[in-house]
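One file, run_27.cif, carrying mmCIF, C-alpha atoms:
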data_target
loop_
_atom_site.group_PDB
_atom_site.id
_atom_site.type_symbol
_atom_site.label_atom_id
_atom_site.label_comp_id
_atom_site.auth_asym_id
_atom_site.auth_seq_id
_atom_site.Cartn_x
_atom_site.Cartn_y
_atom_site.Cartn_z
ATOM 1 C CA MET A 1 -14.775 -64.763 -1.325
ATOM 2 C CA ASN A 2 -14.709 -61.440 0.551
ATOM 3 C CA VAL A 3 -11.080 -62.054 1.637
ATOM 4 C CA PHE A 4 -10.119 -62.787 -1.963
ATOM 5 C CA LEU A 5 -11.651 -59.487 -3.126
ATOM 6 C CA ARG A 6 -9.822 -57.571 -0.400
ATOM 7 C CA ILE A 7 -6.508 -59.157 -1.370
ATOM 8 C CA CYS A 8 -7.158 -58.410 -5.039
ATOM 9 C CA ARG A 9 -8.071 -54.811 -4.329
ATOM 10 C CA ARG A 10 -5.175 -54.276 -1.959
ATOM 11 C CA TRP A 11 -2.359 -56.105 -3.785
ATOM 12 C CA LEU A 12 -3.367 -57.304 -7.214
ATOM 13 C CA LEU A 13 -4.782 -54.049 -8.562
ATOM 14 C CA PRO A 14 -1.705 -51.943 -7.664
ATOM 15 C CA LEU A 15 0.508 -54.725 -8.995
ATOM 16 C CA LEU A 16 -1.357 -54.833 -12.316
ATOM 17 C CA LEU A 17 -1.280 -51.028 -12.619
ATOM 18 C CA CYS A 18 2.489 -51.003 -12.029
ATOM 19 C CA VAL A 19 3.002 -53.823 -14.548
ATOM 20 C CA LEU A 20 0.934 -51.924 -17.117
ATOM 21 C CA LEU A 21 2.871 -48.734 -16.442
ATOM 22 C CA TRP A 22 6.172 -50.617 -16.822
ATOM 23 C CA VAL A 23 5.073 -52.135 -20.119
ATOM 24 C CA VAL A 24 4.238 -48.655 -21.414
ATOM 25 C CA ILE A 25 7.468 -47.118 -20.137
ATOM 26 C CA SER A 26 9.674 -49.937 -21.425
ATOM 27 C CA LYS A 27 7.738 -50.220 -24.691
ATOM 28 C CA GLY A 28 7.254 -53.922 -24.015
ATOM 29 C CA ASN A 29 10.977 -54.737 -24.115
ATOM 30 C CA PRO A 30 11.320 -58.195 -22.476
ATOM 31 C CA SER A 31 14.872 -57.519 -21.279
ATOM 32 C CA SER A 32 13.622 -54.568 -19.202
ATOM 33 C CA TRP A 33 11.970 -56.930 -16.714
ATOM 34 C CA VAL A 34 15.352 -57.548 -15.060
ATOM 35 C CA VAL A 35 15.068 -54.032 -13.668
ATOM 36 C CA GLY A 36 11.301 -53.665 -13.886
ATOM 37 C CA LEU A 37 10.185 -56.605 -11.758
ATOM 38 C CA PRO A 38 12.205 -55.646 -8.645
ATOM 39 C CA CYS A 39 11.085 -52.021 -9.067
ATOM 40 C CA ILE A 40 7.442 -53.052 -9.354
ATOM 41 C CA ILE A 41 7.644 -55.222 -6.239
ATOM 42 C CA ILE A 42 9.328 -52.427 -4.270
ATOM 43 C CA ALA A 43 6.742 -49.905 -5.510
ATOM 44 C CA VAL A 44 3.764 -52.083 -4.526
ATOM 45 C CA VAL A 45 5.203 -52.868 -1.082
ATOM 46 C CA ALA A 46 6.003 -49.172 -0.523
ATOM 47 C CA TYR A 47 2.500 -48.221 -1.630
ATOM 48 C CA GLN A 48 1.001 -50.655 0.883
ATOM 49 C CA ARG A 49 3.174 -49.364 3.723
ATOM 50 C CA LEU A 50 2.615 -45.677 2.949
ATOM 51 C CA ARG A 51 -1.044 -45.653 1.978
ATOM 52 C CA ILE A 52 -3.593 -43.929 4.150
ATOM 53 C CA HIS A 53 -5.634 -46.469 6.046
ATOM 54 C CA ASP A 54 -8.255 -44.015 7.270
ATOM 55 C CA LYS A 55 -9.688 -42.463 4.155
ATOM 56 C CA PRO A 56 -10.291 -38.726 4.523
ATOM 57 C CA THR A 57 -13.916 -37.684 4.461
ATOM 58 C CA LEU A 58 -14.382 -35.086 1.755
ATOM 59 C CA HIS A 59 -17.442 -32.893 1.683
ATOM 60 C CA LEU A 60 -18.016 -32.706 -2.059
ATOM 61 C CA GLY A 61 -20.559 -29.906 -1.589
ATOM 62 C CA SER A 62 -17.660 -27.656 -0.498
ATOM 63 C CA LEU A 63 -15.535 -28.541 -3.522
ATOM 64 C CA PRO A 64 -17.027 -26.023 -5.997
ATOM 65 C CA GLY A 65 -16.693 -23.156 -3.510
ATOM 66 C CA PHE A 66 -13.155 -24.188 -2.624
ATOM 67 C CA SER A 67 -12.228 -24.471 -6.304
ATOM 68 C CA ILE A 68 -13.572 -21.003 -7.083
ATOM 69 C CA TRP A 69 -11.794 -19.550 -4.052
ATOM 70 C CA PHE A 70 -8.524 -21.257 -5.008
ATOM 71 C CA LEU A 71 -8.699 -20.185 -8.664
ATOM 72 C CA TRP A 72 -9.548 -16.587 -7.689
ATOM 73 C CA HIS A 73 -6.664 -16.383 -5.204
ATOM 74 C CA SER A 74 -4.287 -18.009 -7.692
ATOM 75 C CA LEU A 75 -5.258 -15.529 -10.396
ATOM 76 C CA ARG A 76 -5.136 -12.533 -8.057
ATOM 77 C CA GLY A 77 -1.800 -13.618 -6.575
ATOM 78 C CA GLY A 78 -0.335 -14.372 -10.000
ATOM 79 C CA ILE A 79 -1.275 -10.920 -11.262
ATOM 80 C CA ASP A 80 0.244 -9.350 -8.146
ATOM 81 C CA VAL A 81 3.513 -11.279 -8.545
ATOM 82 C CA ALA A 82 3.672 -10.454 -12.274
ATOM 83 C CA TRP A 83 2.958 -6.771 -11.572
ATOM 84 C CA ARG A 84 5.745 -6.628 -8.996
ATOM 85 C CA ALA A 85 8.154 -8.392 -11.381
ATOM 86 C CA LEU A 86 7.469 -5.831 -14.117
ATOM 87 C CA GLN A 87 8.082 -2.821 -11.872
ATOM 88 C CA PRO A 88 11.439 -1.040 -12.318
ATOM 89 C CA THR A 89 11.936 -1.039 -8.547
ATOM 90 C CA VAL A 90 10.573 -4.165 -6.955
ATOM 91 C CA GLN A 91 9.079 -3.467 -3.550
ATOM 92 C CA LEU A 92 9.287 -6.772 -1.776
ATOM 93 C CA GLN A 93 9.995 -7.804 1.761
ATOM 94 C CA PRO A 94 10.707 -11.521 1.423
ATOM 95 C CA GLY A 95 11.081 -13.556 4.549
ATOM 96 C CA PHE A 96 9.903 -16.410 6.680
ATOM 97 C CA LEU A 97 6.812 -16.537 8.868
ATOM 98 C CA ASN A 98 5.605 -19.081 11.375
ATOM 99 C CA TYR A 99 1.960 -20.105 11.181
ATOM 100 C CA ARG A 100 0.388 -22.225 13.929
ATOM 101 C CA LEU A 101 -1.663 -24.958 12.288
ATOM 102 C CA THR A 102 -5.017 -25.846 13.790
ATOM 103 C CA LEU A 103 -5.839 -28.713 11.444
ATOM 104 C CA PRO A 104 -4.976 -32.125 12.885
ATOM 105 C CA PRO A 105 -2.112 -34.072 11.325
ATOM 106 C CA GLY A 106 -3.256 -36.065 8.327
ATOM 107 C CA PRO A 107 -4.653 -35.586 4.836
ATOM 108 C CA ALA A 108 -6.347 -32.227 5.481
ATOM 109 C CA ARG A 109 -3.150 -30.696 6.860
ATOM 110 C CA LEU A 110 -1.086 -32.097 4.007
ATOM 111 C CA PHE A 111 -3.571 -30.696 1.504
ATOM 112 C CA LEU A 112 -3.396 -27.260 3.172
ATOM 113 C CA VAL A 113 0.416 -27.242 3.020
ATOM 114 C CA ASN A 114 0.262 -27.990 -0.707
ATOM 115 C CA VAL A 115 -2.476 -25.411 -1.344
ATOM 116 C CA VAL A 116 -0.417 -22.713 0.385
ATOM 117 C CA SER A 117 2.591 -23.619 -1.781
ATOM 118 C CA LEU A 118 0.498 -23.338 -4.941
ATOM 119 C CA LEU A 119 -0.755 -19.854 -4.120
ATOM 120 C CA PRO A 120 1.530 -17.182 -5.611
ATOM 121 C CA GLY A 121 3.771 -15.387 -3.150
ATOM 122 C CA THR A 122 3.877 -18.137 -0.504
ATOM 123 C CA LEU A 123 5.750 -21.379 -0.148
ATOM 124 C CA SER A 124 5.484 -23.977 2.595
ATOM 125 C CA ALA A 125 9.065 -24.499 3.708
ATOM 126 C CA ASP A 126 8.808 -26.814 6.724
ATOM 127 C CA ILE A 127 6.477 -28.222 9.348
ATOM 128 C CA GLU A 128 7.700 -28.690 12.872
ATOM 129 C CA GLY A 129 5.003 -29.992 15.156
ATOM 130 C CA ASP A 130 2.030 -27.700 14.695
ATOM 131 C CA VAL A 131 4.019 -24.837 13.182
ATOM 132 C CA LEU A 132 4.195 -24.296 9.436
ATOM 133 C CA LEU A 133 7.221 -22.315 8.283
ATOM 134 C CA LEU A 134 6.223 -20.204 5.307
ATOM 135 C CA HIS A 135 8.389 -18.291 2.895
ATOM 136 C CA ALA A 136 6.544 -15.180 1.782
ATOM 137 C CA LEU A 137 7.422 -12.927 -1.115
ATOM 138 C CA ASP A 138 6.167 -9.932 0.835
ATOM 139 C CA THR A 139 6.004 -10.203 4.625
ATOM 140 C CA SER A 140 4.252 -6.829 4.851
ATOM 141 C CA ALA A 141 1.117 -8.472 3.408
ATOM 142 C CA ASP A 142 -1.300 -10.186 5.791
ATOM 143 C CA ILE A 143 -0.120 -13.705 4.986
ATOM 144 C CA THR A 144 -1.428 -15.108 8.274
ATOM 145 C CA ALA A 145 -5.009 -14.074 7.446
ATOM 146 C CA GLU A 146 -4.763 -15.631 3.977
ATOM 147 C CA VAL A 147 -3.386 -18.921 5.323
ATOM 148 C CA SER A 148 -6.026 -18.922 8.065
ATOM 149 C CA GLU A 149 -8.739 -18.509 5.424
ATOM 150 C CA ALA A 150 -7.202 -21.331 3.384
ATOM 151 C CA GLU A 151 -7.121 -23.492 6.499
ATOM 152 C CA SER A 152 -10.802 -22.788 7.200
ATOM 153 C CA ARG A 153 -11.724 -23.711 3.636
ATOM 154 C CA VAL A 154 -9.681 -26.911 3.752
ATOM 155 C CA ALA A 155 -11.306 -27.772 7.101
ATOM 156 C CA ALA A 156 -14.733 -27.343 5.489
ATOM 157 C CA LEU A 157 -13.654 -29.444 2.533
ATOM 158 C CA TYR A 158 -12.459 -32.272 4.778
ATOM 159 C CA LEU A 159 -15.246 -31.873 7.367
ATOM 160 C CA THR A 160 -12.634 -31.081 9.991
ATOM 161 C CA SER A 161 -13.109 -28.539 12.730
ATOM 162 C CA LYS A 162 -10.194 -26.145 13.064
ATOM 163 C CA SER A 163 -10.807 -25.834 16.784
ATOM 164 C CA SER A 164 -11.027 -29.529 17.666
ATOM 165 C CA THR A 165 -7.443 -30.492 16.987
ATOM 166 C CA HIS A 166 -4.808 -32.608 18.706
ATOM 167 C CA GLU A 167 -6.949 -33.742 21.615
#

So that I can check it, write out the structure of this file as structure tokens.
Amino acid sequence: MNVFLRICRRWLLPLLLCVLLWVVISKGNPSSWVVGLPCIIIAVVAYQRLRIHDKPTLHLGSLPGFSIWFLWHSLRGGIDVAWRALQPTVQLQPGFLNYRLTLPPGPARLFLVNVVSLLPGTLSADIEGDVLLLHALDTSADITAEVSEAESRVAALYLTSKSSTHE
């Protein structure tokens, strides 16, 4: 019985969710299954191959603090970007910066890269090994300190030590 539940959870549930999504998208049109069925099968197989097998351990106690920090930095950065955009002479020094990541590869690192891209004034452009290439709106600002703080907060959220990486 346990094997049956694992198979259902792993294959049947994603399959049913995709079928339901297809029915909604196609408005129940029976002729759409010619395209829909192969797409559903490909989507479920891709999901199985790409899914994370080791679930990240989130420390939910850190989530409220992280959320407040993220919202504050988003608001502050958004105001700064808007203020600069409204100035008659925009004082920007856009450019690229390299930031050495200390988080290990995996969900925490991926989350950090996305968080940095969502903060105004920075955009994650590329990762090569342990180096994150960032595009910054103003390279004269201390972007490295801000990304380092974000990395520390993500590490706390995922219960990952920044110093114990890549061993």

Result set, the PyMOL selection byres ((chain A and resi 91) around 12) on current file, as an mmCIF file with C-alpha atoms, in the coordinates of the input:
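Now in part-v2.cif:
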data_model
loop_
_atom_site.group_PDB
_atom_site.id
_atom_site.type_symbol
_atom_site.label_atom_id
_atom_site.label_comp_id
_atom_site.auth_asym_id
_atom_site.auth_seq_id
_atom_site.Cartn_x
_atom_site.Cartn_y
_atom_site.Cartn_z
ATOM 1 C CA ASP A 80 0.244 -9.350 -8.146
ATOM 2 C CA VAL A 81 3.513 -11.279 -8.545
ATOM 3 C CA TRP A 83 2.958 -6.771 -11.572
ATOM 4 C CA ARG A 84 5.745 -6.628 -8.996
ATOM 5 C CA ALA A 85 8.154 -8.392 -11.381
ATOM 6 C CA LEU A 86 7.469 -5.831 -14.117
ATOM 7 C CA GLN A 87 8.082 -2.821 -11.872
ATOM 8 C CA PRO A 88 11.439 -1.040 -12.318
ATOM 9 C CA THR A 89 11.936 -1.039 -8.547
ATOM 10 C CA VAL A 90 10.573 -4.165 -6.955
ATOM 11 C CA LEU A 92 9.287 -6.772 -1.776
ATOM 12 C CA GLN A 93 9.995 -7.804 1.761
ATOM 13 C CA PRO A 94 10.707 -11.521 1.423
ATOM 14 C CA LEU A 137 7.422 -12.927 -1.115
ATOM 15 C CA ASP A 138 6.167 -9.932 0.835
ATOM 16 C CA THR A 139 6.004 -10.203 4.625
ATOM 17 C CA SER A 140 4.252 -6.829 4.851
ATOM 18 C CA ALA A 141 1.117 -8.472 3.408
#

Would you write out, as a PyMOL selection string, every residue that the PyMOL selection byres ((chain A and resi 99) around 6) captures in this file?
chain A and resi 98+100+131-132

### Task
Determine, counting only C-alpha atoms, which protein, DNA and RNA residues have an atom within 10 Å of an atom of Val113 in chain A; residues of the same chain fewer than 6 positions away are not included. Present the result as number ranges by chain.
A: 101, 107, 123-127, 132-134, 147, 150-151

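Put simply, CA of Val45 in chain A is 16.6 Å away from CA of Leu20 in chain A.
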
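Across the model, the gap from CA of Glu149 in chain A to CA of Phe111 in chain A is 13.8 Å.
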
Near-Thr57 in chain A list (12 Å; all atoms listed in the file; drop same-chain fewer than 3 positions) as an MDAnalysis selection string | chainID A and resid 54 60:62 106:108 154:160

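The gap separating CA of Ala136 in chain A from CA of Phe96 in chain A is 6.1 Å, in Å to one decimal.
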
Padded axis-aligned box of range 7-13 of chain A (3 Å per side), centre and edge lengths, Å, one decimal, as AutoDock Vina command-line options:
--center_x -5.2 --center_y -56.6 --center_z -5.0 --size_x 11.7 --size_y 11.1 --size_z 13.2

Result set of the PyMOL selection byres ((chain A and resi 67-71) around 12) on the coordinates above, as a tab-separated table (two decimals) with C-alpha atoms, in the coordinates of the input:
chain	number	residue	atom	x	y	z
A	60	LEU	CA	-18.02	-32.71	-2.06
A	61	GLY	CA	-20.56	-29.91	-1.59
A	62	SER	CA	-17.66	-27.66	-0.50
A	63	LEU	CA	-15.54	-28.54	-3.52
A	64	PRO	CA	-17.03	-26.02	-6.00
A	65	GLY	CA	-16.69	-23.16	-3.51
A	66	PHE	CA	-13.16	-24.19	-2.62
A	72	TRP	CA	-9.55	-16.59	-7.69
A	73	HIS	CA	-6.66	-16.38	-5.20
A	74	SER	CA	-4.29	-18.01	-7.69
A	75	LEU	CA	-5.26	-15.53	-10.40
A	76	ARG	CA	-5.14	-12.53	-8.06
A	77	GLY	CA	-1.80	-13.62	-6.58
A	78	GLY	CA	-0.34	-14.37	-10.00
A	112	LEU	CA	-3.40	-27.26	3.17
A	114	ASN	CA	0.26	-27.99	-0.71
A	115	VAL	CA	-2.48	-25.41	-1.34
A	116	VAL	CA	-0.42	-22.71	0.38
A	117	SER	CA	2.59	-23.62	-1.78
A	118	LEU	CA	0.50	-23.34	-4.94
A	119	LEU	CA	-0.76	-19.85	-4.12
A	120	PRO	CA	1.53	-17.18	-5.61
A	146	GLU	CA	-4.76	-15.63	3.98
A	147	VAL	CA	-3.39	-18.92	5.32
A	149	GLU	CA	-8.74	-18.51	5.42
A	150	ALA	CA	-7.20	-21.33	3.38
A	151	GLU	CA	-7.12	-23.49	6.50
A	152	SER	CA	-10.80	-22.79	7.20
A	153	ARG	CA	-11.72	-23.71	3.64
A	154	VAL	CA	-9.68	-26.91	3.75
A	157	LEU	CA	-13.65	-29.44	2.53

Compile the contact shell of range 7-10 of chain A as a ChimeraX atom specification: residues with an atom at most 12 Å away, counting all atoms listed in the file, same-chain residues fewer than 2 positions apart removed.
/A:1-5,12-17,44-45,47-49,51,53

inquiry  = Just checking: using all atoms listed in the file, which residue out of A:Leu58, A:Ile79, A:Val19, A:Ile25 ends up closest to Ile40 in chain A?
reply    =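 Nearest to Ile40 in chain A: A:Val19.
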